[in-house]
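*Asks:* work_1.pdb is the file, holding PDB, C-alpha atoms:
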```
ATOM      1  CA  MET A 844      15.470  16.499  -5.770
ATOM      2  CA  LYS A 845      18.213  13.857  -5.828
ATOM      3  CA  LYS A 846      17.470  13.136  -2.164
ATOM      4  CA  ALA A 847      13.797  12.649  -2.978
ATOM      5  CA  TYR A 848      14.586  10.118  -5.706
ATOM      6  CA  ALA A 849      16.934   8.322  -3.318
ATOM      7  CA  TYR A 850      13.997   7.882  -0.940
ATOM      8  CA  VAL A 851      11.807   6.715  -3.846
ATOM      9  CA  LEU A 852      14.373   4.058  -4.764
ATOM     10  CA  LEU A 853      14.791   3.004  -1.122
ATOM     11  CA  THR A 854      11.019   2.689  -0.756
ATOM     12  CA  ALA A 855      10.738   0.575  -3.904
ATOM     13  CA  LEU A 856      13.585  -1.714  -2.808
ATOM     14  CA  ILE A 857      12.135  -2.204   0.688
ATOM     15  CA  PHE A 858       8.572  -2.751  -0.508
ATOM     16  CA  GLY A 859       9.971  -5.026  -3.199
ATOM     17  CA  THR A 860      10.947  -7.478  -0.449
ATOM     18  CA  MET A 861       7.533  -7.351   1.237
ATOM     19  CA  GLU A 862       5.893 -10.387  -0.323
ATOM     20  CA  VAL A 863       8.993 -12.591  -0.070
ATOM     21  CA  SER A 864       9.578 -11.708   3.594
ATOM     22  CA  CYS A 865       5.884 -12.163   4.427
ATOM     23  CA  LYS A 866       5.868 -15.545   2.677
ATOM     24  CA  ILE A 867       8.930 -16.627   4.663
ATOM     25  CA  GLY A 868       7.442 -15.292   7.912
ATOM     26  CA  GLY A 869       4.118 -16.966   7.206
ATOM     27  CA  SER A 870       5.794 -20.368   7.149
ATOM     28  CA  GLY A 871       6.475 -20.115  10.900
ATOM     29  CA  LEU A 872       3.694 -17.828  12.104
ATOM     30  CA  ASP A 873      -0.071 -17.639  11.806
ATOM     31  CA  PRO A 874      -1.102 -15.200   9.026
ATOM     32  CA  PHE A 875      -3.162 -13.093  11.442
ATOM     33  CA  GLN A 876      -0.289 -13.155  13.921
ATOM     34  CA  LEU A 877       2.346 -11.909  11.476
ATOM     35  CA  THR A 878       0.008  -9.166  10.245
ATOM     36  CA  PHE A 879      -0.682  -8.050  13.824
ATOM     37  CA  LEU A 880       2.993  -8.018  14.786
ATOM     38  CA  ARG A 881       4.352  -6.234  11.716
ATOM     39  CA  PHE A 882       1.795  -3.422  11.784
ATOM     40  CA  LEU A 883       2.024  -2.965  15.539
ATOM     41  CA  ILE A 884       5.819  -2.715  15.276
ATOM     42  CA  GLY A 885       5.673  -0.599  12.119
ATOM     43  CA  GLY A 886       3.134   1.761  13.665
ATOM     44  CA  LEU A 887       5.302   2.177  16.773
ATOM     45  CA  VAL A 888       8.385   2.863  14.623
ATOM     46  CA  LEU A 889       6.476   5.679  12.893
ATOM     47  CA  LEU A 890       4.882   7.001  16.115
ATOM     48  CA  PRO A 891       7.677   9.419  17.202
ATOM     49  CA  PHE A 892       7.570  11.085  13.772
ATOM     50  CA  ALA A 893       3.768  11.119  13.938
ATOM     51  CA  LEU A 894       3.830  12.917  17.298
ATOM     52  CA  VAL A 895       6.219  15.528  15.878
ATOM     53  CA  GLN A 896       3.837  16.068  12.951
ATOM     54  CA  LEU A 897       0.880  16.490  15.309
ATOM     55  CA  ARG A 898       2.802  19.116  17.304
ATOM     56  CA  GLN A 899       3.835  20.945  14.132
ATOM     57  CA  LYS A 900       0.239  21.070  12.926
ATOM     58  CA  GLN A 901      -0.934  21.921  16.463
ATOM     59  CA  THR A 902      -3.509  19.170  16.200
ATOM     60  CA  LYS A 903      -5.346  17.738  19.186
ATOM     61  CA  LEU A 904      -7.111  14.469  18.502
ATOM     62  CA  THR A 905     -10.757  14.293  19.506
ATOM     63  CA  GLY A 906     -12.861  11.256  20.249
ATOM     64  CA  LYS A 907     -14.269  11.515  16.729
ATOM     65  CA  ASP A 908     -10.736  11.529  15.290
ATOM     66  CA  LEU A 909      -9.794   8.422  17.258
ATOM     67  CA  ALA A 910     -12.977   6.660  16.139
ATOM     68  CA  MET A 911     -12.189   7.543  12.514
ATOM     69  CA  LEU A 912      -8.610   6.280  12.880
ATOM     70  CA  THR A 913      -9.927   3.056  14.401
ATOM     71  CA  GLY A 914     -12.213   2.531  11.419
ATOM     72  CA  VAL A 915      -9.411   3.332   8.972
ATOM     73  CA  GLY A 916      -7.083   0.931  10.798
ATOM     74  CA  PHE A 917      -9.738  -1.780  10.684
ATOM     75  CA  LEU A 918      -9.981  -1.463   6.894
ATOM     76  CA  GLY A 919      -6.247  -1.187   6.247
ATOM     77  CA  VAL A 920      -4.774  -3.665   8.713
ATOM     78  CA  ALA A 921      -7.411  -6.014  10.130
ATOM     79  CA  VAL A 922      -9.163  -6.547   6.780
ATOM     80  CA  SER A 923      -6.886  -5.648   3.854
ATOM     81  CA  MET A 924      -3.497  -6.738   5.179
ATOM     82  CA  SER A 925      -4.879  -9.914   6.749
ATOM     83  CA  MET A 926      -6.242 -10.873   3.339
ATOM     84  CA  PHE A 927      -2.881  -9.910   1.855
ATOM     85  CA  GLN A 928      -1.007 -12.259   4.205
ATOM     86  CA  PHE A 929      -3.327 -15.197   3.552
ATOM     87  CA  SER A 930      -2.996 -14.574  -0.178
ATOM     88  CA  THR A 931       0.800 -14.523   0.119
ATOM     89  CA  MET A 932       0.678 -18.035   1.536
ATOM     90  CA  MET A 933      -1.632 -19.275  -1.232
ATOM     91  CA  CYS A 934       0.069 -17.681  -4.262
ATOM     92  CA  ASN A 935       3.476 -17.002  -5.732
ATOM     93  CA  ALA A 936       5.097 -13.941  -4.198
ATOM     94  CA  SER A 937       5.691 -12.551  -7.701
ATOM     95  CA  THR A 938       1.951 -12.652  -8.454
ATOM     96  CA  VAL A 939       0.952 -11.088  -5.152
ATOM     97  CA  SER A 940       3.566  -8.333  -5.437
ATOM     98  CA  VAL A 941       2.035  -7.070  -8.671
ATOM     99  CA  LEU A 942      -1.630  -7.512  -7.765
ATOM    100  CA  ILE A 943      -1.327  -5.459  -4.557
ATOM    101  CA  CYS A 944      -0.060  -2.564  -6.685
ATOM    102  CA  VAL A 945      -3.465  -2.212  -8.336
ATOM    103  CA  ASN A 946      -4.933  -0.699  -5.154
ATOM    104  CA  PRO A 947      -4.507   2.886  -6.495
ATOM    105  CA  PHE A 948      -6.940   1.990  -9.260
ATOM    106  CA  PHE A 949      -9.533   0.897  -6.706
ATOM    107  CA  THR A 950      -8.828   4.208  -4.960
ATOM    108  CA  MET A 951      -9.853   5.991  -8.180
ATOM    109  CA  ILE A 952     -13.196   4.174  -8.186
ATOM    110  CA  PHE A 953     -13.929   4.849  -4.512
ATOM    111  CA  ALA A 954     -12.876   8.488  -4.878
ATOM    112  CA  HIS A 955     -15.403   8.866  -7.716
ATOM    113  CA  PHE A 956     -18.278   7.942  -5.397
ATOM    114  CA  LEU A 957     -16.993   9.302  -2.071
ATOM    115  CA  THR A 958     -15.115  12.497  -3.016
ATOM    116  CA  SER A 959     -15.101  15.249  -5.629
ATOM    117  CA  GLU A 960     -12.399  13.393  -7.663
ATOM    118  CA  LYS A 961     -14.563  12.023 -10.491
ATOM    119  CA  LEU A 962     -13.592   9.517 -13.160
ATOM    120  CA  ASN A 963     -12.900  10.868 -16.656
ATOM    121  CA  ARG A 964     -11.810   9.385 -20.000
ATOM    122  CA  TYR A 965      -8.145   9.354 -19.013
ATOM    123  CA  LYS A 966      -8.868   7.568 -15.745
ATOM    124  CA  PHE A 967     -11.062   5.035 -17.564
ATOM    125  CA  LEU A 968      -8.131   4.325 -19.898
ATOM    126  CA  ILE A 969      -5.851   3.794 -16.892
ATOM    127  CA  LEU A 970      -8.383   1.423 -15.315
ATOM    128  CA  LEU A 971      -8.752  -0.516 -18.578
ATOM    129  CA  VAL A 972      -4.988  -1.029 -18.885
ATOM    130  CA  ALA A 973      -4.754  -2.074 -15.210
ATOM    131  CA  LEU A 974      -7.668  -4.509 -15.613
ATOM    132  CA  THR A 975      -5.958  -6.049 -18.655
ATOM    133  CA  GLY A 976      -2.819  -6.524 -16.571
ATOM    134  CA  ILE A 977      -4.823  -8.205 -13.805
ATOM    135  CA  VAL A 978      -6.365 -10.657 -16.293
ATOM    136  CA  PHE A 979      -2.930 -11.618 -17.610
ATOM    137  CA  MET A 980      -1.587 -12.032 -14.068
ATOM    138  CA  LEU A 981      -4.507 -14.214 -12.968
ATOM    139  CA  ARG A 982      -4.584 -16.213 -16.211
ATOM    140  CA  PRO A 983      -8.008 -17.670 -15.323
ATOM    141  CA  TRP A 984      -7.944 -19.926 -18.395
ATOM    142  CA  ASN A 985      -4.943 -21.826 -16.954
ATOM    143  CA  ILE A 986      -3.884 -20.813 -13.434
ATOM    144  CA  GLN A 987      -0.114 -20.866 -12.989
ATOM    145  CA  GLU A 988       1.427 -23.458 -10.661
ATOM    146  CA  GLY A 989       1.913 -21.978  -7.201
ATOM    147  CA  ASN A 990      -1.173 -19.769  -7.486
ATOM    148  CA  SER A 991      -4.695 -20.598  -6.382
ATOM    149  CA  ALA A 992      -8.048 -19.090  -7.270
ATOM    150  CA  LEU A 993      -8.795 -18.414  -3.581
ATOM    151  CA  GLY A 994      -5.412 -16.803  -3.024
ATOM    152  CA  MET A 995      -5.758 -14.510  -6.014
ATOM    153  CA  GLY A 996      -9.310 -13.659  -4.991
ATOM    154  CA  LEU A 997      -8.065 -12.695  -1.537
ATOM    155  CA  MET A 998      -5.347 -10.554  -3.129
ATOM    156  CA  ILE A 999      -7.868  -8.655  -5.226
ATOM    157  CA  GLY A1000      -9.914  -8.225  -2.047
ATOM    158  CA  ALA A1001      -6.840  -6.910  -0.218
ATOM    159  CA  ALA A1002      -6.209  -4.345  -2.966
ATOM    160  CA  PHE A1003      -9.917  -3.430  -2.952
ATOM    161  CA  PHE A1004     -10.026  -2.743   0.788
ATOM    162  CA  PHE A1005      -6.647  -0.968   0.763
ATOM    163  CA  GLY A1006      -8.057   1.362  -1.873
ATOM    164  CA  LEU A1007     -11.016   2.033   0.434
ATOM    165  CA  TYR A1008      -8.579   2.525   3.340
ATOM    166  CA  THR A1009      -6.702   5.124   1.281
ATOM    167  CA  VAL A1010      -9.832   7.136   0.471
ATOM    168  CA  ALA A1011     -11.132   6.939   4.060
ATOM    169  CA  GLY A1012      -7.730   7.971   5.395
ATOM    170  CA  LYS A1013      -7.696  11.181   3.344
ATOM    171  CA  VAL A1014     -10.259  12.668   5.720
ATOM    172  CA  CYS A1015      -7.842  12.188   8.646
ATOM    173  CA  GLN A1016      -4.784  13.284   6.657
ATOM    174  CA  GLU A1017      -6.161  16.758   6.078
ATOM    175  CA  LYS A1018      -6.271  17.422   9.812
ATOM    176  CA  MET A1019      -3.338  15.495  11.255
ATOM    177  CA  GLY A1020      -0.991  14.668   8.372
ATOM    178  CA  LEU A1021      -0.095  11.488   6.514
ATOM    179  CA  MET A1022       2.518  10.229   8.990
ATOM    180  CA  ALA A1023       0.217  10.584  12.002
ATOM    181  CA  GLN A1024      -2.756   9.060  10.216
ATOM    182  CA  THR A1025      -0.733   6.057   9.086
ATOM    183  CA  SER A1026       1.058   5.406  12.376
ATOM    184  CA  ILE A1027      -2.005   5.641  14.604
ATOM    185  CA  SER A1028      -4.293   3.738  12.234
ATOM    186  CA  PHE A1029      -1.681   0.965  11.981
ATOM    187  CA  ILE A1030      -1.505   0.649  15.782
ATOM    188  CA  PHE A1031      -5.276   0.738  16.227
ATOM    189  CA  GLY A1032      -5.783  -1.725  13.386
ATOM    190  CA  ALA A1033      -3.242  -4.105  14.924
ATOM    191  CA  ILE A1034      -4.972  -3.890  18.314
ATOM    192  CA  LEU A1035      -8.351  -4.652  16.721
ATOM    193  CA  LEU A1036      -6.804  -7.617  14.942
ATOM    194  CA  MET A1037      -5.301  -8.871  18.218
ATOM    195  CA  ILE A1038      -8.721  -8.714  19.894
ATOM    196  CA  PHE A1039     -10.221 -10.688  17.005
ATOM    197  CA  MET A1040      -7.400 -13.266  17.282
ATOM    198  CA  LEU A1041      -8.060 -13.718  21.008
ATOM    199  CA  ILE A1042     -11.781 -14.189  20.364
ATOM    200  CA  ILE A1043     -11.310 -16.885  17.713
ATOM    201  CA  GLY A1044      -8.385 -18.541  19.514
ATOM    202  CA  ARG A1045      -5.533 -17.779  17.072
ATOM    203  CA  PRO A1046      -1.972 -17.604  18.483
ATOM    204  CA  VAL A1047      -0.776 -14.171  19.589
ATOM    205  CA  VAL A1048       2.651 -14.792  21.163
ATOM    206  CA  SER A1049       3.245 -18.465  20.367
ATOM    207  CA  GLY A1050       6.188 -18.975  17.999
ATOM    208  CA  ILE A1051       7.548 -15.426  18.271
ATOM    209  CA  SER A1052      10.845 -16.479  19.855
ATOM    210  CA  ASP A1053      11.579 -18.797  16.917
ATOM    211  CA  ASN A1054      10.878 -16.126  14.290
ATOM    212  CA  ILE A1055      12.313 -12.914  15.750
ATOM    213  CA  PRO A1056      14.537 -11.990  12.762
ATOM    214  CA  ILE A1057      11.721 -12.125  10.186
ATOM    215  CA  ILE A1058       9.287 -10.396  12.578
ATOM    216  CA  LEU A1059      11.732  -7.538  13.127
ATOM    217  CA  TYR A1060      12.461  -7.293   9.411
ATOM    218  CA  THR A1061       8.805  -7.151   8.339
ATOM    219  CA  GLY A1062       7.908  -4.819  11.203
ATOM    220  CA  ILE A1063      10.856  -2.412  11.410
ATOM    221  CA  ILE A1064      12.234  -2.465   7.860
ATOM    222  CA  VAL A1065       9.309  -3.268   5.560
ATOM    223  CA  THR A1066       6.474  -1.559   7.454
ATOM    224  CA  GLY A1067       8.330   1.065   9.506
ATOM    225  CA  LEU A1068      11.274   2.179   7.387
ATOM    226  CA  GLY A1069       9.433   1.462   4.125
ATOM    227  CA  TYR A1070       6.591   3.842   4.914
ATOM    228  CA  TYR A1071       8.943   6.399   6.482
ATOM    229  CA  SER A1072      11.047   6.620   3.314
ATOM    230  CA  TYR A1073       7.864   6.830   1.244
ATOM    231  CA  PHE A1074       6.601   9.756   3.322
ATOM    232  CA  LYS A1075       9.990  11.484   3.102
ATOM    233  CA  SER A1076       9.891  11.277  -0.694
ATOM    234  CA  ILE A1077       6.437  12.895  -0.596
ATOM    235  CA  ASP A1078       7.641  15.653   1.753
ATOM    236  CA  LEU A1079      10.605  16.424  -0.509
ATOM    237  CA  ALA A1080       8.991  16.211  -3.933
ATOM    238  CA  GLY A1081       5.233  15.683  -3.660
ATOM    239  CA  ALA A1082       2.856  12.730  -3.849
ATOM    240  CA  SER A1083       3.233  12.172  -7.595
ATOM    241  CA  THR A1084       7.006  11.722  -7.243
ATOM    242  CA  GLY A1085       6.611   9.478  -4.187
ATOM    243  CA  ALA A1086       4.202   7.311  -6.168
ATOM    244  CA  PHE A1087       7.054   6.295  -8.478
ATOM    245  CA  ALA A1088       8.049   3.816  -5.749
ATOM    246  CA  PHE A1089       4.897   1.845  -6.548
ATOM    247  CA  PHE A1090       5.756   2.058 -10.227
ATOM    248  CA  LEU A1091       9.142   0.448  -9.580
ATOM    249  CA  LYS A1092       7.950  -2.150  -7.063
ATOM    250  CA  PRO A1093       6.162  -4.459  -9.567
ATOM    251  CA  ALA A1094       9.401  -4.687 -11.532
ATOM    252  CA  ILE A1095      11.638  -5.300  -8.493
ATOM    253  CA  ALA A1096       9.556  -7.719  -6.403
ATOM    254  CA  PRO A1097       9.268 -10.568  -8.965
ATOM    255  CA  VAL A1098      13.047 -10.534  -9.457
ATOM    256  CA  ILE A1099      13.554 -10.897  -5.702
ATOM    257  CA  ALA A1100      10.994 -13.739  -5.663
ATOM    258  CA  VAL A1101      12.951 -15.561  -8.376
ATOM    259  CA  ILE A1102      16.283 -15.094  -6.555
ATOM    260  CA  VAL A1103      15.138 -15.917  -3.015
ATOM    261  CA  LEU A1104      12.220 -18.315  -3.526
ATOM    262  CA  HIS A1105      13.267 -19.700  -6.947
ATOM    263  CA  GLU A1106       9.870 -18.909  -8.453
ATOM    264  CA  THR A1107       9.293 -19.153 -12.192
ATOM    265  CA  ILE A1108       8.171 -16.089 -14.125
ATOM    266  CA  LEU A1109       6.000 -17.059 -17.115
ATOM    267  CA  TRP A1110       5.017 -14.967 -20.123
ATOM    268  CA  ASN A1111       1.638 -14.027 -18.659
ATOM    269  CA  THR A1112       3.316 -12.708 -15.511
ATOM    270  CA  ILE A1113       5.626 -10.542 -17.604
ATOM    271  CA  ALA A1114       2.679  -9.304 -19.687
ATOM    272  CA  GLY A1115       0.717  -8.505 -16.529
ATOM    273  CA  ILE A1116       3.668  -6.673 -14.984
ATOM    274  CA  VAL A1117       4.105  -4.570 -18.126
ATOM    275  CA  MET A1118       0.400  -3.658 -18.184
ATOM    276  CA  VAL A1119       0.355  -2.707 -14.496
ATOM    277  CA  LEU A1120       3.553  -0.680 -14.963
ATOM    278  CA  ILE A1121       2.008   1.187 -17.907
ATOM    279  CA  ALA A1122      -1.178   1.883 -15.929
ATOM    280  CA  SER A1123       0.855   3.013 -12.906
ATOM    281  CA  LEU A1124       2.978   5.340 -15.034
ATOM    282  CA  LEU A1125      -0.106   6.830 -16.714
ATOM    283  CA  ASN A1126      -1.661   7.381 -13.285
ATOM    284  CA  ILE A1127       1.484   9.035 -11.899
ATOM    285  CA  LEU A1128       1.803  11.339 -14.916
ATOM    286  CA  TYR A1129      -1.877  12.238 -14.655
ATOM    287  CA  GLN A1130      -1.610  13.019 -10.924
ATOM    288  CA  ARG A1131       1.478  15.145 -11.586
ATOM    289  CA  LYS A1132      -0.380  17.056 -14.314
ATOM    290  CA  ILE A1133      -3.297  17.734 -11.951
ATOM    291  CA  ALA A1134      -0.903  18.856  -9.194
ATOM    292  CA  ASP A1135       0.862  21.222 -11.606
ATOM    293  CA  GLN A1136      -2.477  22.659 -12.739
ATOM    294  CA  LYS A1137      -3.555  23.241  -9.143
ATOM    295  CA  GLY A1138      -0.232  24.886  -8.383
ATOM    296  CA  SER A1139      -0.565  27.197 -11.384
ATOM    297  CA  GLU A1140      -4.121  28.101 -10.431
ATOM    298  CA  GLU A1141      -3.123  28.891  -6.841
ATOM    299  CA  TYR A1142      -0.252  31.044  -8.143
ATOM    300  CA  ARG A1143      -2.608  32.996 -10.414
ATOM    301  CA  MET A1144      -5.080  33.531  -7.599
ATOM    302  CA  GLU A1145      -2.327  34.765  -5.307
ATOM    303  CA  ALA A1146      -0.953  37.102  -8.003
ATOM    304  CA  ASN A1147      -4.400  38.654  -8.567
ATOM    305  CA  ARG A1148      -4.869  39.523  -4.914
TER     306      ARG A1148
END
```
For the structure just supplied, provide its representation as structure tokens.

*Replies:*
Amino acid sequence: MKKAYAYVLLTALIFGTMEVSCKIGGSGLDPFQLTFLRFLIGGLVLLPFALVQLRQKQTKLTGKDLAMLTGVGFLGVAVSMSMFQFSTMMCNASTVSVLICVNPFFTMIFAHFLTSEKLNRYKFLILLVALTGIVFMLRPWNIQEGNSALGMGLMIGAAFFFGLYTVAGKVCQEKMGLMAQTSISFIFGAILLMIFMLIIGRPVVSGISDNIPIILYTGIIVTGLGYYSYFKSIDLAGASTGAFAFFLKPAIAPVIAVIVLHETILWNTIAGIVMVLIASLLNILYQRKIADQKGSEEYRMEANR
């Protein structure tokens, strides 16, 4: 269990640098370009582990599977993470780092309509607390310096589509596993984004040589190692324990933004962080309770056989 929590902490620390590193990288690269590069590299870093998982599950991908992974990659990379990168350039990294963490709450809403996981009173409470946190973070009555309405709108859109990506990806995960689904969808999503960039005339390779360190960091460390450590925490202790990384991230990322980018954290940001942390903790505890109940039910069924 100690090893699992070590992976949780590593995941939170790595993901806590995401917005700062993407903001730095975005100053020298086109937003589409950095998104394409970091998810292509990250997907390739995860690919060897994904292939092992496919062999272990004895899964052969069909044309339908590849089409599904392409659609999932389009939602997660080409749409959601492109919006995320543009938002990072239009807002404070501290704001973006917290707002992206609300994507699990969008996942709840999508799951209600697309799966058997329906909303209940407890989930409504979680959503209400998260929504309150979002309002404090956005502070629409007086937008904080460094943020923009468009940037925050894009960030909410990024969280929205990442929530949809998560629900859509669950269909693939059941057959091929989380590592394989993530790696392949990242690669396919990056390829789709590259095709779009070529069509609209955005740079694909221009400027890479001048920004290699930040490209490698966002691709290998943030996207590759970050997701690998997250998946390892899930393998060792379950999804509810792994989710603690996203509980810690909103507390870590703003501190890094203050240290590296010298951003200012105002009272509304702190209030928003606290609300999102509370909602995240309530969600994690709820998911753990459901997992424990399922485990107990499966044990009883097995004992009665």

*Asks:* Measure the distance from CA of Thr854 in chain A to CA of Leu1125 in chain A in Å and round it to one decimal.

*Replies:* 19.9 Å

*Asks:* Report as a list in words all protein, DNA and RNA residues lying within 10 Å of range 906-909 of chain A, evaluated on only C-alpha atoms, omitting residues in the same chain fewer than 2 positions from it.

*Replies:*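 My list of contacting residues is Lys903, Leu904, Met911, Leu912, Thr913, Gly914, Val915, Val1014, Cys1015, Lys1018, Met1019, Gln1024, Ile1027, Ser1028 and Phe1031 of chain A.
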
*Asks:* Would you export the selected residues with C-alpha atoms as a PDB file, in the coordinates of the input, please?

*Replies:*
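The resulting file, part25.pdb, is shown below:
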```pdb
ATOM      1  CA  LYS A 903      -5.346  17.738  19.186  1.00  0.00           C
ATOM      2  CA  LEU A 904      -7.111  14.469  18.502  1.00  0.00           C
ATOM      3  CA  MET A 911     -12.189   7.543  12.514  1.00  0.00           C
ATOM      4  CA  LEU A 912      -8.610   6.280  12.880  1.00  0.00           C
ATOM      5  CA  THR A 913      -9.927   3.056  14.401  1.00  0.00           C
ATOM      6  CA  GLY A 914     -12.213   2.531  11.419  1.00  0.00           C
ATOM      7  CA  VAL A 915      -9.411   3.332   8.972  1.00  0.00           C
ATOM      8  CA  VAL A1014     -10.259  12.668   5.720  1.00  0.00           C
ATOM      9  CA  CYS A1015      -7.842  12.188   8.646  1.00  0.00           C
ATOM     10  CA  LYS A1018      -6.271  17.422   9.812  1.00  0.00           C
ATOM     11  CA  MET A1019      -3.338  15.495  11.255  1.00  0.00           C
ATOM     12  CA  GLN A1024      -2.756   9.060  10.216  1.00  0.00           C
ATOM     13  CA  ILE A1027      -2.005   5.641  14.604  1.00  0.00           C
ATOM     14  CA  SER A1028      -4.293   3.738  12.234  1.00  0.00           C
ATOM     15  CA  PHE A1031      -5.276   0.738  16.227  1.00  0.00           C
TER      16      PHE A1031
END
```

*Asks:* What is the distance between CA of Asp1078 in chain A and CA of Leu1021 in chain A, in Å to one decimal?

*Replies:*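 Those two atoms sit 10.0 Å apart.
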
*Asks:* Out of A:Leu856, A:Leu1036, A:Leu1109, A:Ile1057, which residue has the shortest atom-to-atom distance to Ala921 in chain A when counting all atoms listed in the file?

*Replies:*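 Nearest to Ala921 in chain A: A:Leu1036.
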
*Asks:* Nearest residue to Phe1087 in chain A out of A:Arg1045, A:Arg1131, A:Lys961, A:His1105, using only C-alpha atoms?

*Replies:*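 So, comparing all the options, the nearest one is A:Arg1131.
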
*Asks:* Contacts of Thr1061 in chain A at 12 Å or less, counting all atoms listed in the file, minus same-chain residues fewer than 5 places along, as a ChimeraX atom specification?

*Replies:* /A:857-869,877-886,888,928,1054-1056,1066-1070

*Asks:* Excluding range 941-953 of chain A and residues on its chain fewer than 3 positions from it, collect all residues at most 9 Å away from it, counting only C-alpha atoms, and give them as a PyMOL selection string.

*Replies:* chain A and resi 927+936-938+956-958+960-962+966+969-970+973-974+976-977+980-981+995+998-999+1001-1010+1089-1090+1092-1094+1096-1097+1112+1115-1116+1119+1122-1123+1126

*Asks:* Mind writing the picked residues with C-alpha atoms as a PDB file, keeping the file's coordinate frame?

*Replies:*
```pdb
ATOM      1  CA  PHE A 927      -2.881  -9.910   1.855  1.00  0.00           C
ATOM      2  CA  ALA A 936       5.097 -13.941  -4.198  1.00  0.00           C
ATOM      3  CA  SER A 937       5.691 -12.551  -7.701  1.00  0.00           C
ATOM      4  CA  THR A 938       1.951 -12.652  -8.454  1.00  0.00           C
ATOM      5  CA  PHE A 956     -18.278   7.942  -5.397  1.00  0.00           C
ATOM      6  CA  LEU A 957     -16.993   9.302  -2.071  1.00  0.00           C
ATOM      7  CA  THR A 958     -15.115  12.497  -3.016  1.00  0.00           C
ATOM      8  CA  GLU A 960     -12.399  13.393  -7.663  1.00  0.00           C
ATOM      9  CA  LYS A 961     -14.563  12.023 -10.491  1.00  0.00           C
ATOM     10  CA  LEU A 962     -13.592   9.517 -13.160  1.00  0.00           C
ATOM     11  CA  LYS A 966      -8.868   7.568 -15.745  1.00  0.00           C
ATOM     12  CA  ILE A 969      -5.851   3.794 -16.892  1.00  0.00           C
ATOM     13  CA  LEU A 970      -8.383   1.423 -15.315  1.00  0.00           C
ATOM     14  CA  ALA A 973      -4.754  -2.074 -15.210  1.00  0.00           C
ATOM     15  CA  LEU A 974      -7.668  -4.509 -15.613  1.00  0.00           C
ATOM     16  CA  GLY A 976      -2.819  -6.524 -16.571  1.00  0.00           C
ATOM     17  CA  ILE A 977      -4.823  -8.205 -13.805  1.00  0.00           C
ATOM     18  CA  MET A 980      -1.587 -12.032 -14.068  1.00  0.00           C
ATOM     19  CA  LEU A 981      -4.507 -14.214 -12.968  1.00  0.00           C
ATOM     20  CA  MET A 995      -5.758 -14.510  -6.014  1.00  0.00           C
ATOM     21  CA  MET A 998      -5.347 -10.554  -3.129  1.00  0.00           C
ATOM     22  CA  ILE A 999      -7.868  -8.655  -5.226  1.00  0.00           C
ATOM     23  CA  ALA A1001      -6.840  -6.910  -0.218  1.00  0.00           C
ATOM     24  CA  ALA A1002      -6.209  -4.345  -2.966  1.00  0.00           C
ATOM     25  CA  PHE A1003      -9.917  -3.430  -2.952  1.00  0.00           C
ATOM     26  CA  PHE A1004     -10.026  -2.743   0.788  1.00  0.00           C
ATOM     27  CA  PHE A1005      -6.647  -0.968   0.763  1.00  0.00           C
ATOM     28  CA  GLY A1006      -8.057   1.362  -1.873  1.00  0.00           C
ATOM     29  CA  LEU A1007     -11.016   2.033   0.434  1.00  0.00           C
ATOM     30  CA  TYR A1008      -8.579   2.525   3.340  1.00  0.00           C
ATOM     31  CA  THR A1009      -6.702   5.124   1.281  1.00  0.00           C
ATOM     32  CA  VAL A1010      -9.832   7.136   0.471  1.00  0.00           C
ATOM     33  CA  PHE A1089       4.897   1.845  -6.548  1.00  0.00           C
ATOM     34  CA  PHE A1090       5.756   2.058 -10.227  1.00  0.00           C
ATOM     35  CA  LYS A1092       7.950  -2.150  -7.063  1.00  0.00           C
ATOM     36  CA  PRO A1093       6.162  -4.459  -9.567  1.00  0.00           C
ATOM     37  CA  ALA A1094       9.401  -4.687 -11.532  1.00  0.00           C
ATOM     38  CA  ALA A1096       9.556  -7.719  -6.403  1.00  0.00           C
ATOM     39  CA  PRO A1097       9.268 -10.568  -8.965  1.00  0.00           C
ATOM     40  CA  THR A1112       3.316 -12.708 -15.511  1.00  0.00           C
ATOM     41  CA  GLY A1115       0.717  -8.505 -16.529  1.00  0.00           C
ATOM     42  CA  ILE A1116       3.668  -6.673 -14.984  1.00  0.00           C
ATOM     43  CA  VAL A1119       0.355  -2.707 -14.496  1.00  0.00           C
ATOM     44  CA  ALA A1122      -1.178   1.883 -15.929  1.00  0.00           C
ATOM     45  CA  SER A1123       0.855   3.013 -12.906  1.00  0.00           C
ATOM     46  CA  ASN A1126      -1.661   7.381 -13.285  1.00  0.00           C
TER      47      ASN A1126
END
```

*Asks:* Have a look at CA of Leu993 in chain A and CA of Met924 in chain A and let me know their distance in Å, one decimal.

*Replies:*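 Pair CA of Leu993 in chain A / CA of Met924 in chain A returns 15.5 Å.
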
*Asks:* Pick the closest to Tyr1129 in chain A from A:Met1022, A:Ala847, A:Leu968, A:Leu852: which is it, counting only C-alpha atoms?

*Replies:*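 Using only C-alpha atoms, Tyr1129 in chain A sits closest to A:Leu968.
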
*Asks:* Which of these residues is nearest to Val939 in chain A, using only C-alpha atoms: A:Gly1000, A:Ile1063, A:Leu872, A:Ala910?

*Replies:*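 Ranked by minimum distance to Val939 in chain A, first place goes to A:Gly1000.
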
*Asks:* Taking into account all atoms listed in the file, which residue in the set A:Gln876, A:Ala954, A:Asn963, A:Ser991 is nearest to Met933 in chain A?

*Replies:* A:Ser991

*Asks:* So, with all atoms listed in the file as the atoms that count, which of A:Met926, A:Val1098, A:Ile1133, A:Leu887 lies closest to Gly994 in chain A?

*Replies:*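 Ranked by minimum distance to Gly994 in chain A, first place goes to A:Met926.
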
*Asks:* When you look at Phe1039 in chain A with a cut-off of 12 Å (counting all atoms listed in the file), what residues show up, excluding the ones that are within fewer than 2 positions of it in the same chain? I need them as a PyMOL selection string.

*Replies:* chain A and resi 875-876+879+917+921-922+925+1032-1037+1041-1047
